[in-house]
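Colleague: Handing you a structure now.
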Amino acid sequence: MKPYAALIRSNLRLMLRDRAVLFFSFLFPLSFFFLFAQAFHASASGGAMSQVIAMVLIIGVLGNGFFGAGMRTVQDRETGVLRRFKVAPISAAPVIVASLVSGLVAYLPTVFLFLFFGNAIYHAPYPSHLGSLILFISLGLIAFRAVGMIVASVVNSAQEAQIVIQMLYLPMLFLSGATFPVSIMPAWVQTIAQFLPATYLFQGITSILLGGESVTKNLVSVFALLTTLAVCLLIGVKLFRWEKEEKIAKGAKWWILAVLAPFFLMGVYQTFTRQNIEKAKILERTSRRRGSGLFQHVKILVGDGSVIEDGAVLVKNEKIAEVFSSAPADTRSFQATVIESSGKTLLPGLIDMRVHIGMPAKAPYRHLAAYLYSGITAVCSVGDSSQTLAVNADKYEGARLFSCQQAEASTFALSGSEADYDFRTGNPELLNRSLLRQVGPADLIASTREATVKNRGHAAVSTLPAASRNLFSAFQSGVTLTAGSDAGNMLVLHGPTIQHELELWVKAGIPPSAALQAATYNAAKSLRAGDRIGLIKKGYEATFILLDGDPLADISNVEHINSVYFRGGHINRSALFDQFKP
Amino acid sequence: MSETAISVRGLRKSYGDFEAVRGIDLDVQEGEVYGLLGPNGAGKTTTLEILEGLRPRSSGTVSVLGFDPGSESKRIKDRIGVCLQDTNLPDKMKVREALELFAAFYTRNADSDKLLQRLQLWDKKDALYKSLSGGQKQRVALALALVNEPSLLFLDEPTTGLDPQVRHEIHGIIQELKEDRRSILITTHYIEEAERLCDRVAIVDAGKIIESGTPREIQQRVLGHTAVEISTDRAMPLETLPESLKAEKYSIRDEGRTLSMQSESPAALIVELVRWIGERDLRLLDIHMKRPTLEDVFIELTGKRLRE
């Protein structure tokens with residue numbers, strides 16, 4: 001072990017003395033860090049900060065591996081430094097291992113610096129799995145240094161090294177997701193990216209940093225990096241060249257491909273499963289949710305019946321960070337994007353307590369997207385088999401799905417009664433509502449209309465008046481009410497269900513304030529989620545809607561959705577259904 | 001333990017079609033300084049690197065300190081000291097650090113303080129490698145070759161590229177090493193280096209040893225004759241040379257004013273020549289005797305100069 005220790009000590013000493021090394025390992029990454037942080041407005045978004053940290057970490061690991069280990073070794077060979085070691089009774093193993101270890105020791109401080117500055121200046125939270133992050137980055141760095149050493153061993157000159165290194169470095173830098181989000185690239189580029197080791201490095205880092213995952217959730221990336229490291233060490237010792245005069249066999253350059261073979265297999269695997277591309281989308285969504293925003297001069301319906309006429313809501317890292325009963329004068333100190341919202345009303349995301357989400361494989365995701373589009377951020381599906389409900393909540397963006405084995409007694413769903421009567425008597429008017437037509441799908445609306453119109457002229461008895469009376473007497477006797485819709489039945493399409501339900505409630509004599517409370521806080525409590533959602537309150541999840549107009553004055557204003565925020569992220573409503581395009 | 005530090009029989013090394021070493025036999029005794037003398041590309045360095053265990057050989061038997069460098073290179077490397085051509089250390093490494101680093105690779109270690117003092121590097125022990133002069137760098141290289149107290153040293157052109165004064169300094173150090181009774185195999189293309197330092201030399205050309213022995217032996221064997229050269233103020237009437245002298249090989253230059261003659265007994269020749277000149281009433285301007293150098297030997301043997 002003596003040669004290993006001596007070489008590591010010596011390497012570290014030389015690094016500390018070398019101004020170029022200090023520049024490239026500390027000053028250079030840090031300036032990139034601050035540059036990116038400014039460019040991405042990281043101060044207003046924790047997600048952007050995590051992205052920036054992941055970017056500079058990747059740039060650092062790539063540079064450290066290819067230039068710090070690879071190029072450096074070539075230079076040491078060209079200047080005759082390695083030749084001196086050749087006559088000593090050591091193999092290449094201590095030289096290679098010492099390079100890996102000393103590179104890691106020199107690199108790790110920057111990781112902590114990034115995290116520290118990210119937290120101190122840009123208020124990015126420290127990662128929940130710090131140990132996992134360090135472990136994963138260390139593995140990545142060592143693996144990339146090992147690849148760098150292989151590159152050094154198979155090239156014959158510094159010029160050749162430059163070419164090979166750029167050929168590996170640039171695609172990895174630009175396609176791994178470190179510099180541009182994967183989703184903006186064409187599909188074929190996304191597929192190519194799955195063959196690059198840096199993609200796995202980037203995804204591992206963002207999963208841990210942004211997704212709050214531990215390293216055990218990223219075992220595939222870990223395995224690929226470990227395999228590369230092992231292969232590099234094995235053949236690196238064999239291929240290592242101490243002198244530039246030692247020429248290498250022509251075919252030996254292909255060893256680089258052997259080293260990267262684990263990633264080739266990963267690429268083939270991912271091309272078929274597309275797991276990684278899905279995961280990248282989820283991470284980007286998570287990143288978007290980490291934004292900070294201050295909704296100024298907004299009317300706030302808290303959810304429990306109380307109202308703030310001209311207040312403000314500060315959102316940070318998926319949570320409501322503060323609720324101001326009067327809009328703060330100085331907004332700069334919050335480091336958040338100010339969203340001027342006078343004339344608008346902010347209230348918790350609506351909750352539909354009684355839907356039937358249905359069986360077909362992909363449909364539930366589309367239904368949930370339709371709910372989210374309509375500002376209904378959670379639904380409770382009643383009576384569906386639990387298997388149907390085992391949906392991956394993160395796979396697609398949509399409303400949160402709760403499963404209720406039995407309908408709550410206190411849930412009233414007037415829409416169901418109304419729709420039942422309309423259907424039996426052949427009245428398709430419910431399908432004409434604007435919000436519903438936005439949600440579609442058009443062919444479902446058309447076929448429903450067709451089926452309904454067939455019943456035109458039939459007579460039936462409406463249960464709506466009785467249901468309305470029941471609701472009103474329950475309200476009068478002080479029952480805690482929740483609102484449902486029975487969506488999934490004829491004429492009650494998944495989407496803007498609660499809007500129409502609340503209109504029916506107000507017609508039944510329920511005050512708008514009580515109706516809205518039933519569709520927000522009461523429902524959240526009934527789902528045993530009343531400590532997380534359903535209120536506009538500090539510490540609650542930032543899931544709410546912004547309406548143009550005041551629903552207390554006119555309940556139909558709940559249809560006038562300005563924007564929807566789900567878990568801190570602004571929902572791009574018009575793009576929600578793009579998820580389901582083939 | 002054997003008396004022979006290095007024993008080589010029928011050593012050959014080919015690179016593809018090119019045969020760099022074409023059958024070399026040599027023995028280096030313990031405590032002996034043995035020189036390999038030859039032009040660039042003669043195969044000296046290749047031979048050395050095979051002995052040091054850095055390169056595999058194509059054929060032949062080789063024993064270095066009783067080990068085979070082909071299969072036991074690590075044991076050999078641990079016991080020998082090597083000073084290579086064109087090596088370097090990292091610019092920012094201090095002299096003492098270099099010694100400590102390399103000491104960590106060997107099972108036996110010399111006292112590094114003593115080594116620094118002995119190689120006159122004590123004042124430079126904390127200097128960065130890049131700040132050293134050429135001579136100092138070469139002394140560091142020698143110090144590194146000595147960190148493991150080797151009983152056998154390989155010095156590959158230890159003074160090439162150094163100015164004469166520094167070369168002289170290095171020669172002094174090598175002579176000291178010789179007094180330690182270390183065996184040394186040295187390659188050089190400086191004749192005077194070989195003449196001054198080596199107990200025995202081998203002249204290598206095109207991958208073969210074409211002559212070997214002590215420098216004096218080689219000179220005598222190859223060129224038995226010493227040249228005597230005399231110059232006079234006027235042309236010498238060579239037709240009047242005594243019969244005994246006419247038999248010797250001679251040549252004239254400077255319109256007959258300089259005569260150069262070779263003889264196995266130069267002293268007697270001089271006496272005869274001086275008498276003859278006195279008799280012819282010529283004024284003797286200069287006289288000198290030229291022994292053949294290794295350079296002359298080399299030219300005689302190979303038809304080319306060493307440093308071509």
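Note on naming: chains are A, B, ... as they come in the structure tokens, residues start from 1 per chain, ligands start from 1 in the order shown.
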Could you please tell me, as number ranges by chain, which residues of chain A have an atom within 10 Å of chain B when using only C-alpha atoms?

Modeller: A: 1-11, 13-18, 76-91, 243

Colleague: Hey, what's within 9 Å of segment 5-14 of chain B if we count only C-alpha atoms and toss same-chain stuff fewer than 4 positions away? As a short mmCIF file (atom, residue, chain, number, x, y, z; two decimals) with N, CA and C atoms, in the first residue's frame, please?

Modeller:
data_model
loop_
_atom_site.label_atom_id
_atom_site.label_comp_id
_atom_site.auth_asym_id
_atom_site.auth_seq_id
_atom_site.Cartn_x
_atom_site.Cartn_y
_atom_site.Cartn_z
N PHE B 18 12.59 -5.10 -38.27
CA PHE B 18 13.85 -4.46 -37.91
C PHE B 18 14.49 -5.15 -36.71
N GLU B 19 15.74 -5.53 -36.88
CA GLU B 19 16.44 -6.19 -35.78
C GLU B 19 17.35 -5.17 -35.10
N ALA B 20 16.97 -4.74 -33.91
CA ALA B 20 17.73 -3.69 -33.23
C ALA B 20 18.95 -4.26 -32.53
N VAL B 21 18.82 -5.46 -31.98
CA VAL B 21 19.94 -6.11 -31.31
C VAL B 21 20.13 -7.48 -31.98
N ARG B 22 21.37 -7.70 -32.43
CA ARG B 22 21.58 -8.90 -33.26
C ARG B 22 22.60 -9.84 -32.67
N GLY B 23 22.37 -10.29 -31.46
CA GLY B 23 23.27 -11.27 -30.87
C GLY B 23 24.37 -10.62 -30.07
N ILE B 24 24.04 -10.22 -28.86
CA ILE B 24 25.04 -9.58 -28.00
C ILE B 24 25.42 -10.52 -26.86
N ASP B 25 26.73 -10.66 -26.61
CA ASP B 25 27.22 -11.38 -25.44
C ASP B 25 27.97 -10.37 -24.58
N LEU B 26 27.68 -10.35 -23.32
CA LEU B 26 28.52 -9.51 -22.46
C LEU B 26 28.40 -9.94 -21.00
N ASP B 27 29.45 -9.67 -20.22
CA ASP B 27 29.46 -9.96 -18.79
C ASP B 27 29.92 -8.73 -18.06
N VAL B 28 29.20 -8.36 -17.03
CA VAL B 28 29.65 -7.26 -16.18
C VAL B 28 29.95 -7.85 -14.82
N GLN B 29 31.17 -7.69 -14.37
CA GLN B 29 31.57 -8.25 -13.08
C GLN B 29 31.12 -7.34 -11.95
N GLU B 30 31.04 -7.90 -10.76
CA GLU B 30 30.69 -7.08 -9.60
C GLU B 30 31.73 -5.99 -9.39
N GLY B 31 31.25 -4.77 -9.15
CA GLY B 31 32.17 -3.68 -8.87
C GLY B 31 32.82 -3.08 -10.10
N GLU B 32 32.37 -3.52 -11.25
CA GLU B 32 33.00 -3.06 -12.48
C GLU B 32 32.15 -1.98 -13.15
N THR B 46 18.24 -0.07 -26.21
CA THR B 46 17.38 -1.26 -26.24
C THR B 46 17.96 -2.36 -25.35
N THR B 47 19.29 -2.57 -25.49
CA THR B 47 19.95 -3.58 -24.65
C THR B 47 19.75 -3.27 -23.17
N ILE B 50 16.22 -3.91 -21.97
CA ILE B 50 15.94 -5.34 -21.78
C ILE B 50 16.51 -5.81 -20.43
N LEU B 51 17.72 -5.35 -20.14
CA LEU B 51 18.36 -5.76 -18.88
C LEU B 51 17.61 -5.20 -17.67
N PRO B 56 10.64 -6.82 -23.33
CA PRO B 56 10.90 -8.25 -23.52
C PRO B 56 11.95 -8.44 -24.61
N ARG B 57 12.69 -9.52 -24.53
CA ARG B 57 13.69 -9.79 -25.57
C ARG B 57 13.11 -10.79 -26.55
N SER B 58 13.75 -10.86 -27.75
CA SER B 58 13.27 -11.82 -28.74
C SER B 58 13.90 -13.18 -28.50
N SER B 59 15.20 -13.19 -28.17
CA SER B 59 15.84 -14.46 -27.83
C SER B 59 17.14 -14.20 -27.08
N GLY B 60 17.75 -15.27 -26.58
CA GLY B 60 19.00 -15.14 -25.82
C GLY B 60 18.75 -15.39 -24.35
N THR B 61 19.84 -15.61 -23.60
CA THR B 61 19.70 -15.77 -22.16
C THR B 61 20.30 -14.56 -21.47
N VAL B 62 19.59 -14.10 -20.44
CA VAL B 62 20.02 -12.90 -19.72
C VAL B 62 19.86 -13.15 -18.24
N SER B 63 20.87 -12.78 -17.47
CA SER B 63 20.75 -12.85 -16.03
C SER B 63 21.27 -11.55 -15.43
N VAL B 64 20.41 -10.91 -14.63
CA VAL B 64 20.79 -9.66 -13.98
C VAL B 64 20.66 -9.87 -12.48
N LEU B 65 21.76 -9.79 -11.77
CA LEU B 65 21.79 -10.06 -10.32
C LEU B 65 21.18 -11.43 -10.03
N GLY B 66 21.33 -12.35 -10.98
CA GLY B 66 20.83 -13.70 -10.78
C GLY B 66 19.38 -13.88 -11.19
N SER B 151 22.94 -2.21 -5.91
CA SER B 151 24.31 -2.69 -6.09
C SER B 151 24.67 -2.65 -7.57
N LEU B 152 23.64 -2.47 -8.41
CA LEU B 152 23.88 -2.39 -9.85
C LEU B 152 23.16 -1.16 -10.40
N SER B 183 28.35 -2.07 -9.22
CA SER B 183 28.53 -2.38 -10.64
C SER B 183 27.75 -1.35 -11.42
N GLY B 207 23.62 -3.09 -33.63
CA GLY B 207 23.08 -4.19 -32.85
C GLY B 207 24.07 -5.28 -32.49
#

Colleague: What's the 9 Å shell around segment 256-273 of chain B, counting only C-alpha atoms, without same-chain residues fewer than 6 positions away, as a list in words?

Modeller: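 Skipping anything fewer than 6 positions along the chain leaves Gly224, His225, Thr226, Ala227, Val228, Glu229, Ile230, Ser231, Thr232, Asp233, Arg234, Ala235, Met236, Pro237, Leu238, Leu241, Pro242, Leu245, Glu248, Lys249, Tyr250, Ile287 and Met289 of chain B.
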
Colleague: Could those residues be written to a file, using N, CA and C atoms, as a tab-separated table (two decimals), in the first residue's frame?

Modeller:
chain	number	residue	atom	x	y	z
B	224	GLY	N	47.64	-0.91	-33.66
B	224	GLY	CA	48.89	-1.12	-32.95
B	224	GLY	C	49.82	0.06	-33.06
B	225	HIS	N	49.56	0.93	-34.00
B	225	HIS	CA	50.54	1.96	-34.32
B	225	HIS	C	50.21	3.29	-33.73
B	226	THR	N	51.27	3.95	-33.23
B	226	THR	CA	51.15	5.32	-32.76
B	226	THR	C	51.67	6.21	-33.88
B	227	ALA	N	51.01	7.32	-34.12
B	227	ALA	CA	51.47	8.22	-35.18
B	227	ALA	C	52.45	9.25	-34.62
B	228	VAL	N	53.54	9.50	-35.36
B	228	VAL	CA	54.48	10.56	-34.99
B	228	VAL	C	54.42	11.59	-36.10
B	229	GLU	N	54.29	12.86	-35.70
B	229	GLU	CA	54.16	13.89	-36.71
B	229	GLU	C	55.22	14.95	-36.48
B	230	ILE	N	55.99	15.27	-37.53
B	230	ILE	CA	56.98	16.35	-37.38
B	230	ILE	C	56.77	17.38	-38.47
B	231	SER	N	57.07	18.66	-38.09
B	231	SER	CA	56.95	19.73	-39.07
B	231	SER	C	58.29	20.47	-39.15
B	232	THR	N	58.65	20.87	-40.39
B	232	THR	CA	59.92	21.59	-40.60
B	232	THR	C	59.67	22.86	-41.36
B	233	ASP	N	60.69	23.76	-41.46
B	233	ASP	CA	60.48	25.04	-42.12
B	233	ASP	C	60.44	24.92	-43.63
B	234	ARG	N	61.11	23.90	-44.18
B	234	ARG	CA	61.07	23.70	-45.63
B	234	ARG	C	60.64	22.27	-45.94
B	235	ALA	N	60.39	22.02	-47.21
B	235	ALA	CA	59.96	20.68	-47.60
B	235	ALA	C	61.07	19.67	-47.31
B	236	MET	N	60.66	18.52	-46.86
B	236	MET	CA	61.63	17.48	-46.51
B	236	MET	C	61.99	16.67	-47.77
B	237	PRO	N	63.23	16.44	-48.00
B	237	PRO	CA	63.62	15.60	-49.15
B	237	PRO	C	63.42	14.13	-48.80
B	238	LEU	N	62.26	13.64	-49.07
B	238	LEU	CA	61.91	12.31	-48.59
B	238	LEU	C	62.75	11.20	-49.24
B	241	LEU	N	65.42	9.67	-47.11
B	241	LEU	CA	65.11	8.95	-45.86
B	241	LEU	C	65.92	7.67	-45.77
B	242	PRO	N	66.37	7.39	-44.57
B	242	PRO	CA	67.12	6.13	-44.41
B	242	PRO	C	66.22	4.93	-44.78
B	245	LEU	N	63.62	3.68	-42.35
B	245	LEU	CA	62.40	4.45	-42.17
B	245	LEU	C	61.46	4.33	-43.37
B	248	GLU	N	58.38	2.11	-43.13
B	248	GLU	CA	57.19	2.43	-42.34
B	248	GLU	C	56.12	3.09	-43.23
B	249	LYS	N	54.84	3.05	-42.73
B	249	LYS	CA	53.76	3.74	-43.43
B	249	LYS	C	53.90	5.23	-43.15
B	250	TYR	N	53.90	6.06	-44.19
B	250	TYR	CA	53.97	7.49	-43.90
B	250	TYR	C	53.13	8.28	-44.88
B	287	ILE	N	56.99	18.77	-33.08
B	287	ILE	CA	56.99	17.31	-33.11
B	287	ILE	C	55.94	16.83	-32.12
B	289	MET	N	53.44	13.23	-30.77
B	289	MET	CA	53.16	11.82	-30.88
B	289	MET	C	51.65	11.66	-30.64

Colleague: Could you pull out all residues of segment 68-103 of chain B with a DSSP call of helix (DSSP H, G or I) and give them as a list in words?

Modeller: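 Taking segment 68-103 of chain B and keeping helix (DSSP H, G or I) gives Ser73, Lys74, Arg75, Ile76, Lys77, Asp78, Arg79, Val95, Arg96, Glu97, Ala98, Leu99, Glu100, Leu101, Phe102 and Ala103 of chain B.
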
Colleague: Could you write those residues out with N, CA and C atoms, as a short mmCIF file (atom, residue, chain, number, x, y, z; two decimals), in the first residue's frame?

Modeller:
data_model
loop_
_atom_site.label_atom_id
_atom_site.label_comp_id
_atom_site.auth_asym_id
_atom_site.auth_seq_id
_atom_site.Cartn_x
_atom_site.Cartn_y
_atom_site.Cartn_z
N SER B 73 11.08 -9.23 -13.58
CA SER B 73 11.47 -7.83 -13.73
C SER B 73 11.25 -7.03 -12.44
N LYS B 74 10.20 -7.40 -11.69
CA LYS B 74 9.92 -6.63 -10.49
C LYS B 74 11.04 -6.76 -9.46
N ARG B 75 11.57 -7.99 -9.35
CA ARG B 75 12.66 -8.20 -8.39
C ARG B 75 13.91 -7.45 -8.83
N ILE B 76 14.12 -7.45 -10.15
CA ILE B 76 15.29 -6.73 -10.65
C ILE B 76 15.13 -5.23 -10.42
N LYS B 77 13.96 -4.73 -10.79
CA LYS B 77 13.72 -3.29 -10.64
C LYS B 77 13.91 -2.84 -9.19
N ASP B 78 13.53 -3.72 -8.27
CA ASP B 78 13.64 -3.36 -6.85
C ASP B 78 15.10 -3.24 -6.41
N ARG B 79 16.01 -3.89 -7.15
CA ARG B 79 17.40 -3.95 -6.70
C ARG B 79 18.36 -3.08 -7.50
N VAL B 95 12.59 18.68 -4.70
CA VAL B 95 13.62 17.65 -4.82
C VAL B 95 13.46 16.58 -3.73
N ARG B 96 13.27 17.04 -2.52
CA ARG B 96 13.17 16.07 -1.43
C ARG B 96 11.90 15.20 -1.57
N GLU B 97 10.83 15.84 -2.02
CA GLU B 97 9.58 15.10 -2.21
C GLU B 97 9.75 14.00 -3.26
N ALA B 98 10.51 14.32 -4.31
CA ALA B 98 10.74 13.32 -5.35
C ALA B 98 11.46 12.11 -4.75
N LEU B 99 12.45 12.38 -3.94
CA LEU B 99 13.20 11.28 -3.32
C LEU B 99 12.30 10.46 -2.41
N GLU B 100 11.45 11.16 -1.64
CA GLU B 100 10.56 10.43 -0.71
C GLU B 100 9.53 9.60 -1.48
N LEU B 101 9.01 10.19 -2.57
CA LEU B 101 8.02 9.48 -3.38
C LEU B 101 8.63 8.19 -3.93
N PHE B 102 9.79 8.31 -4.54
CA PHE B 102 10.36 7.12 -5.17
C PHE B 102 10.85 6.11 -4.14
N ALA B 103 11.27 6.60 -2.99
CA ALA B 103 11.70 5.68 -1.94
C ALA B 103 10.56 4.75 -1.54
#

Colleague: With only C-alpha atoms as the counted atoms, please give the residues lying no more than 6 Å from segment 208-213 of chain A, apart from itself and same-chain residues fewer than 3 positions off, as an NGL selection string.

Modeller: :A and (127-128 or 205)

Colleague: Can you list, as number ranges by chain, every residue of segment 200-266 of chain B that DSSP puts in strand (DSSP E or B)?

Modeller: B: 200-205, 208-213, 226-232, 250-253, 258-263

Colleague: Using only C-alpha atoms, determine which residues lie at most 7 Å from Val564 of chain A, disregarding the query and same-chain residues fewer than 6 positions distant; provide the list as a PyMOL selection string.

Modeller: chain A and resi 375+544-546+570-571

Colleague: Under the rule that only C-alpha atoms are counted, which of B:Arg139, B:Arg253, B:Lys44, B:Arg108 is the nearest residue to Ile173 of chain B?

Modeller: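 Among the listed residues, the smallest separation from Ile173 of chain B belongs to B:Arg139.
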
Colleague: If we count only C-alpha atoms and set the cut-off at 12 Å, which residues sit around Gln270 of chain A, ignoring sequence neighbours fewer than 3 positions away in its own chain? Please answer as a PyMOL selection string.

Modeller: chain A and resi 190-196+199-200+220-221+263-267+273-279

Colleague: Measuring between only C-alpha atoms, which one of A:Ala442, A:Leu62, A:Ala92, A:Val298 shows the shortest distance to Pro328 of chain A?

Modeller: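 Looking only at the distances to Pro328 of chain A, the closest residue turns out to be A:Val298.
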
Colleague: Do you have the atom CA of Glu192 of chain B-atom CA of Gly134 of chain B distance handy?

Modeller: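 These atoms are spaced 20.4 Å apart.
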
Colleague: Give me, as a PDB file with N, CA and C atoms, in the first residue's frame, all polymer residues having an atom no more than 7 Å from segment 146-148 of chain A, counting only C-alpha atoms and skipping those fewer than 4 positions away in the same chain.

Modeller:
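The file below, out.pdb, is the result:
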ATOM      1  N   GLY A  65     -12.650  14.312 -15.405  1.00  0.00           N
ATOM      2  CA  GLY A  65     -12.322  12.999 -15.952  1.00  0.00           C
ATOM      3  C   GLY A  65     -11.503  13.094 -17.226  1.00  0.00           C
ATOM      4  N   PHE A  66     -12.004  13.884 -18.184  1.00  0.00           N
ATOM      5  CA  PHE A  66     -11.354  13.887 -19.484  1.00  0.00           C
ATOM      6  C   PHE A  66     -10.082  14.735 -19.482  1.00  0.00           C
ATOM      7  N   ALA A  69      -7.820  13.951 -15.663  1.00  0.00           N
ATOM      8  CA  ALA A  69      -7.154  12.643 -15.632  1.00  0.00           C
ATOM      9  C   ALA A  69      -6.574  12.294 -16.994  1.00  0.00           C
ATOM     10  N   GLY A  70      -7.404  12.378 -18.057  1.00  0.00           N
ATOM     11  CA  GLY A  70      -6.968  11.930 -19.375  1.00  0.00           C
ATOM     12  C   GLY A  70      -5.855  12.782 -19.958  1.00  0.00           C
ATOM     13  N   LEU A 100      -7.217   8.488  -9.576  1.00  0.00           N
ATOM     14  CA  LEU A 100      -8.658   8.489  -9.294  1.00  0.00           C
ATOM     15  C   LEU A 100      -8.931   9.086  -7.920  1.00  0.00           C
ATOM     16  N   ILE A 142     -15.034   9.033 -10.204  1.00  0.00           N
ATOM     17  CA  ILE A 142     -13.994   8.012 -10.331  1.00  0.00           C
ATOM     18  C   ILE A 142     -14.151   7.277 -11.655  1.00  0.00           C
ATOM     19  N   ALA A 152      -6.367   8.240 -22.409  1.00  0.00           N
ATOM     20  CA  ALA A 152      -4.939   8.563 -22.414  1.00  0.00           C
ATOM     21  C   ALA A 152      -4.114   7.379 -22.897  1.00  0.00           C
ATOM     22  N   LEU A 229     -16.249   1.431 -14.404  1.00  0.00           N
ATOM     23  CA  LEU A 229     -15.074   1.601 -13.556  1.00  0.00           C
ATOM     24  C   LEU A 229     -14.251   0.312 -13.496  1.00  0.00           C
ATOM     25  N   CYS A 232     -12.566  -0.399 -16.808  1.00  0.00           N
ATOM     26  CA  CYS A 232     -11.478   0.563 -17.010  1.00  0.00           C
ATOM     27  C   CYS A 232     -10.250   0.173 -16.194  1.00  0.00           C
ATOM     28  N   LEU A 233     -10.471  -0.208 -14.951  1.00  0.00           N
ATOM     29  CA  LEU A 233      -9.334  -0.552 -14.100  1.00  0.00           C
ATOM     30  C   LEU A 233      -8.625  -1.782 -14.643  1.00  0.00           C
TER      31      LEU A 233
END

Colleague: Could you tell me how far atom CA of Leu504 of chain A lies from atom CA of Asp304 of chain A, in Å and to one decimal?

Modeller: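 Separation of atom CA of Leu504 of chain A and atom CA of Asp304 of chain A: 20.4 Å.
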